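What follows is the content of model-v9.pdb (PDB, C-alpha atoms).
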```pdb
MODEL        1
ATOM      1  CA  MET A 421     -89.091  75.592  15.464
ATOM      2  CA  THR A 422     -86.942  73.204  17.452
ATOM      3  CA  PHE A 423     -86.083  73.750  21.098
ATOM      4  CA  GLU A 424     -82.431  74.353  20.212
ATOM      5  CA  GLU A 425     -83.373  77.006  17.636
ATOM      6  CA  TYR A 426     -85.621  78.702  20.156
ATOM      7  CA  VAL A 427     -82.912  78.807  22.833
ATOM      8  CA  LEU A 428     -80.353  80.170  20.363
ATOM      9  CA  ALA A 429     -82.774  82.876  19.214
ATOM     10  CA  ARG A 430     -84.444  83.851  22.502
ATOM     11  CA  GLY A 431     -82.062  82.634  25.226
ATOM     12  CA  PRO A 432     -80.183  85.926  25.689
ATOM     13  CA  ALA A 433     -83.462  87.894  25.855
ATOM     14  CA  LEU A 434     -84.809  85.490  28.491
ATOM     15  CA  VAL A 435     -81.658  85.952  30.573
ATOM     16  CA  ARG A 436     -81.982  89.749  30.311
ATOM     17  CA  LEU A 437     -85.625  89.551  31.371
ATOM     18  CA  ALA A 438     -84.748  87.299  34.308
ATOM     19  CA  ARG A 439     -81.975  89.671  35.409
ATOM     20  CA  LEU A 440     -84.450  92.515  35.492
ATOM     21  CA  LEU A 441     -86.970  90.428  37.408
ATOM     22  CA  VAL A 442     -84.622  89.145  40.122
ATOM     23  CA  ASP A 443     -81.849  91.794  40.096
ATOM     24  CA  ASP A 444     -79.160  89.141  40.588
ATOM     25  CA  ASP A 445     -77.182  87.838  37.612
ATOM     26  CA  HIS A 446     -76.434  84.432  39.094
ATOM     27  CA  ARG A 447     -79.988  83.775  40.224
ATOM     28  CA  ALA A 448     -81.249  84.979  36.853
ATOM     29  CA  ASP A 449     -79.024  82.482  35.038
ATOM     30  CA  ASP A 450     -80.231  79.696  37.341
ATOM     31  CA  LEU A 451     -83.841  80.750  36.878
ATOM     32  CA  VAL A 452     -83.580  80.661  33.076
ATOM     33  CA  GLN A 453     -81.796  77.327  33.181
ATOM     34  CA  ASP A 454     -84.541  75.827  35.368
ATOM     35  CA  VAL A 455     -87.291  77.224  33.148
ATOM     36  CA  LEU A 456     -85.641  76.000  29.947
ATOM     37  CA  ALA A 457     -85.169  72.538  31.473
ATOM     38  CA  LYS A 458     -88.896  72.395  32.232
ATOM     39  CA  ALA A 459     -89.760  73.828  28.811
ATOM     40  CA  TYR A 460     -87.647  71.182  27.081
ATOM     41  CA  GLN A 461     -89.753  68.434  28.652
ATOM     42  CA  ARG A 462     -92.974  70.062  27.380
ATOM     43  CA  TRP A 463     -91.634  71.554  24.138
ATOM     44  CA  GLY A 464     -94.124  69.691  21.925
ATOM     45  CA  ARG A 465     -97.067  71.275  23.723
ATOM     46  CA  ILE A 466     -95.383  74.666  24.044
ATOM     47  CA  VAL A 467     -94.490  75.000  20.378
ATOM     48  CA  SER A 468     -97.999  73.963  19.324
ATOM     49  CA  ALA A 469     -99.397  76.913  21.298
ATOM     50  CA  ASP A 470     -99.967  80.204  19.516
ATOM     51  CA  ASP A 471     -96.972  81.977  21.030
ATOM     52  CA  PRO A 472     -94.221  79.840  22.616
ATOM     53  CA  ASP A 473     -92.291  82.953  23.657
ATOM     54  CA  ARG A 474     -95.219  84.209  25.720
ATOM     55  CA  TYR A 475     -95.569  80.765  27.313
ATOM     56  CA  VAL A 476     -91.882  80.641  28.281
ATOM     57  CA  ARG A 477     -92.013  84.214  29.632
ATOM     58  CA  ARG A 478     -94.974  83.179  31.773
ATOM     59  CA  MET A 479     -92.982  80.187  33.021
ATOM     60  CA  LEU A 480     -90.133  82.569  33.871
ATOM     61  CA  VAL A 481     -92.365  84.948  35.853
ATOM     62  CA  ASN A 482     -94.005  82.017  37.668
ATOM     63  CA  ALA A 483     -90.609  80.509  38.481
ATOM     64  CA  ARG A 484     -89.432  83.871  39.820
ATOM     65  CA  ASN A 485     -92.508  84.073  42.061
ATOM     66  CA  SER A 486     -91.944  80.522  43.315
ATOM     67  CA  TRP A 487     -88.264  81.253  43.939
ATOM     68  CA  TRP A 488     -89.199  84.389  45.887
ATOM     69  CA  ARG A 489     -91.579  82.432  48.107
ATOM     70  CA  ARG A 490     -88.926  79.777  48.802
ATOM     71  CA  ALA A 491     -86.254  82.427  49.442
ATOM     72  CA  ALA A 492     -88.517  84.231  51.899
ATOM     73  CA  ARG A 493     -88.818  81.005  53.877
ATOM     74  CA  ARG A 494     -85.060  80.383  53.859
ATOM     75  CA  HIS A 495     -84.128  84.011  54.582
ATOM     76  CA  GLU A 496     -81.368  84.036  51.987
ATOM     77  CA  VAL A 497     -79.336  87.184  51.569
ATOM     78  CA  SER A 498     -78.000  87.993  48.145
ATOM     79  CA  VAL A 499     -75.069  90.276  47.521
ATOM     80  CA  PRO A 500     -75.741  92.359  44.411
ATOM     81  CA  GLU A 501     -73.104  92.676  41.761
ATOM     82  CA  VAL A 502     -73.125  96.087  40.114
ATOM     83  CA  ARG A 503     -72.753  95.882  36.351
ATOM     84  CA  PRO A 504     -73.212  98.622  33.800
ATOM     85  CA  VAL A 505     -76.381  98.226  31.757
ATOM     86  CA  ALA A 506     -76.363  99.281  28.106
ATOM     87  CA  THR A 507     -79.176 101.644  27.191
ATOM     88  CA  THR A 508     -80.161 104.196  24.597
ATOM     89  CA  ASP A 509     -81.446 106.629  27.235
ATOM     90  CA  PRO A 510     -78.834 109.429  27.111
ATOM     91  CA  PRO A 511     -80.063 111.694  29.942
ATOM     92  CA  LEU A 512     -79.033 109.244  32.697
ATOM     93  CA  ASP A 513     -75.388 108.523  33.317
ATOM     94  CA  GLY A 514     -74.208 105.127  34.566
ATOM     95  CA  ALA A 515     -74.547 105.932  38.263
ATOM     96  CA  ASP A 516     -78.073 107.339  37.848
ATOM     97  CA  ARG A 517     -79.102 104.345  35.719
ATOM     98  CA  ASP A 518     -77.795 101.888  38.339
ATOM     99  CA  ALA A 519     -79.549 103.798  41.103
ATOM    100  CA  LEU A 520     -82.792 103.822  39.108
ATOM    101  CA  TRP A 521     -82.615 100.044  38.520
ATOM    102  CA  GLN A 522     -82.064  99.587  42.257
ATOM    103  CA  LEU A 523     -85.277 101.529  42.820
ATOM    104  CA  VAL A 524     -87.082  99.331  40.287
ATOM    105  CA  ALA A 525     -85.696  96.246  42.038
ATOM    106  CA  ALA A 526     -87.124  97.514  45.340
ATOM    107  CA  LEU A 527     -90.687  97.551  43.949
ATOM    108  CA  PRO A 528     -93.058  94.700  44.787
ATOM    109  CA  GLY A 529     -92.657  91.754  42.416
ATOM    110  CA  ARG A 530     -95.859  92.202  40.416
ATOM    111  CA  GLN A 531     -95.225  95.933  39.868
ATOM    112  CA  ARG A 532     -91.614  95.267  38.858
ATOM    113  CA  ALA A 533     -92.676  92.480  36.489
ATOM    114  CA  ALA A 534     -95.373  94.674  34.917
ATOM    115  CA  LEU A 535     -92.926  97.566  34.410
ATOM    116  CA  VAL A 536     -90.201  95.332  32.973
ATOM    117  CA  LEU A 537     -92.615  93.600  30.598
ATOM    118  CA  ARG A 538     -94.140  96.939  29.527
ATOM    119  CA  TYR A 539     -91.065  99.126  29.090
ATOM    120  CA  TYR A 540     -88.248  96.627  28.552
ATOM    121  CA  GLU A 541     -90.018  93.864  26.621
ATOM    122  CA  ASP A 542     -92.437  96.397  25.014
ATOM    123  CA  LEU A 543     -95.533  94.255  25.516
ATOM    124  CA  ASP A 544     -99.097  95.526  25.613
ATOM    125  CA  ASP A 545    -101.457  95.156  28.570
ATOM    126  CA  VAL A 546    -103.177  92.048  27.212
ATOM    127  CA  ALA A 547     -99.878  90.210  26.669
ATOM    128  CA  ILE A 548     -98.622  91.200  30.120
ATOM    129  CA  ALA A 549    -101.926  90.097  31.657
ATOM    130  CA  GLU A 550    -101.571  86.664  30.072
ATOM    131  CA  ILE A 551     -98.002  86.348  31.356
ATOM    132  CA  LEU A 552     -98.834  87.500  34.887
ATOM    133  CA  GLY A 553    -102.147  85.654  35.036
ATOM    134  CA  CYS A 554    -104.307  88.676  35.768
ATOM    135  CA  SER A 555    -106.577  91.115  33.916
ATOM    136  CA  ALA A 556    -105.387  93.988  31.735
ATOM    137  CA  VAL A 557    -106.896  96.422  34.248
ATOM    138  CA  THR A 558    -104.742  94.881  36.987
ATOM    139  CA  VAL A 559    -101.684  95.265  34.764
ATOM    140  CA  ARG A 560    -102.449  98.963  34.286
ATOM    141  CA  THR A 561    -102.870  99.308  38.062
ATOM    142  CA  HIS A 562     -99.507  97.634  38.716
ATOM    143  CA  VAL A 563     -97.799  99.867  36.141
ATOM    144  CA  MET A 564     -99.485 103.004  37.472
ATOM    145  CA  ARG A 565     -98.563 102.242  41.091
ATOM    146  CA  GLY A 566     -95.019 101.233  40.174
ATOM    147  CA  LEU A 567     -94.441 104.404  38.181
ATOM    148  CA  ALA A 568     -95.991 106.510  40.939
ATOM    149  CA  ALA A 569     -93.662 104.946  43.497
ATOM    150  CA  LEU A 570     -90.658 105.486  41.225
ATOM    151  CA  ARG A 571     -91.634 109.080  40.494
ATOM    152  CA  ALA A 572     -92.037 109.814  44.196
ATOM    153  CA  THR A 573     -88.654 108.287  44.979
ATOM    154  CA  VAL A 574     -86.945 109.799  41.936
ATOM    155  CA  GLY A 575     -88.299 113.227  42.843
ATOM    156  CA  ASP A 576     -86.782 112.856  46.303
ATOM    157  CA  ALA A 577     -83.445 111.654  44.905
ATOM    158  CA  GLY A 578     -83.117 114.485  42.390
ATOM    159  CA  PHE A 579     -82.884 112.377  39.217
ATOM    160  CA  PRO A 580     -83.720 114.024  35.910
ATOM    161  CA  GLU A 581     -87.371 113.682  34.987
ATOM    162  CA  THR A 582     -86.996 110.929  32.379
ATOM    163  CA  MET A 583     -89.539 108.486  33.768
ATOM    164  CA  PRO A 584     -92.042 107.221  31.182
ATOM    165  CA  THR A 585     -95.380 108.965  31.133
ATOM    166  CA  ARG A 586     -98.621 107.092  31.382
ATOM    167  CA  SER A 587     -99.417 105.548  28.019
ATOM    168  CA  LYS A 588    -102.833 104.936  26.482
ATOM    169  CA  ARG A 589    -102.512 101.192  25.889
TER     170      ARG A 589
ENDMDL
END
```
Would you kindly transcribe this structure into structure tokens?
Amino acid sequence: MTFEEYVLARGPALVRLARLLVDDDHRADDLVQDVLAKAYQRWGRIVSADDPDRYVRRMLVNARNSWWRRAARRHEVSVPEVRPVATTDPPLDGADRDALWQLVAALPGRQRAALVLRYYEDLDDVAIAEILGCSAVTVRTHVMRGLAALRATVGDAGFPETMPTRSKR
């Protein structure tokens, strides 16, 4: 697979993942562009790996973490742009869905990344652990704590109970 074929096939999914990780469309686009520029330079090694998509996702999560550290030092303030997100989850209307994503965005980075990779990218614990650079047990802990925080907040906000239940992965 060439780099161009990969970007055409997986580029939009990487942008969606980045938008969920950083909760800012413009920063997400920049993040993906930076990651793909770095991936292009190493594409020979990346494509020879077992799963180039997993490698690029890992690069994306690492770049997000590095960006967050730099942003914390610069004290940047981002103004969120509210956009409707397409979903197949009928119980939540647009306002509830936006409010729920704002709650997800407020979670600590590792919990948010674990939840996004589990429920949006539909990856198992082992794959998420490889991407985040931790053990599968740590992934389950991040997911459990993130869901617990969301459930506690959602219960206070009066959302319908549509949060995912704990899975046996």
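Across the model, the gap from CA of Leu552 in chain A to CA of Ala534 in chain A is 8.0 Å.
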Using the chain letters and numbers from the file, which residues does the PyMOL selection byres ((chain A and resi 434) around 10) grab, as an MDAnalysis selection string? chainID A and resid 427 429:433 435:440 448:449 451:453 455:456 473 476:477 480
Please define a box with edges along x, y and z of the file around all atoms of range 541-545 of chain A given in the file, extend it by 3 Å on each side, and return its centre and edge lengths in Å to one decimal, as lines of an AutoDock Vina configuration file.
```
center_x = -95.7
center_y = 95.1
center_z = 26.8
size_x = 17.4
size_y = 8.5
size_z = 9.6
```
Residues matched by the PyMOL selection byres ((chain A and resi 528) around 12) as a ChimeraX atom specification: /A:441-442,485,488,523-527,529-535,562-563,565-567,569-570
Using the chain letters and numbers from this file, what does the PyMOL selection byres ((chain A and resi 551) around 8) select? Give the answer as a PyMOL selection string. chain A and resi 474-475+477-478+481+547-550+552-553
Given the point (-87.5, 75.2, 21.9) in the coordinates of this file, which residues lie within 12 Å, counting all atoms listed in the file, and how would they look as a ChimeraX atom specification? /A:421-431,455-468,471-473,475-476
To one decimal place in Å, what is the distance between CA of Asp545 in chain A and CA of Arg560 in chain A? 6.9 Å
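Note that the spacing between CA of Ala556 in chain A and CA of Val536 in chain A amounts to 15.3 Å.
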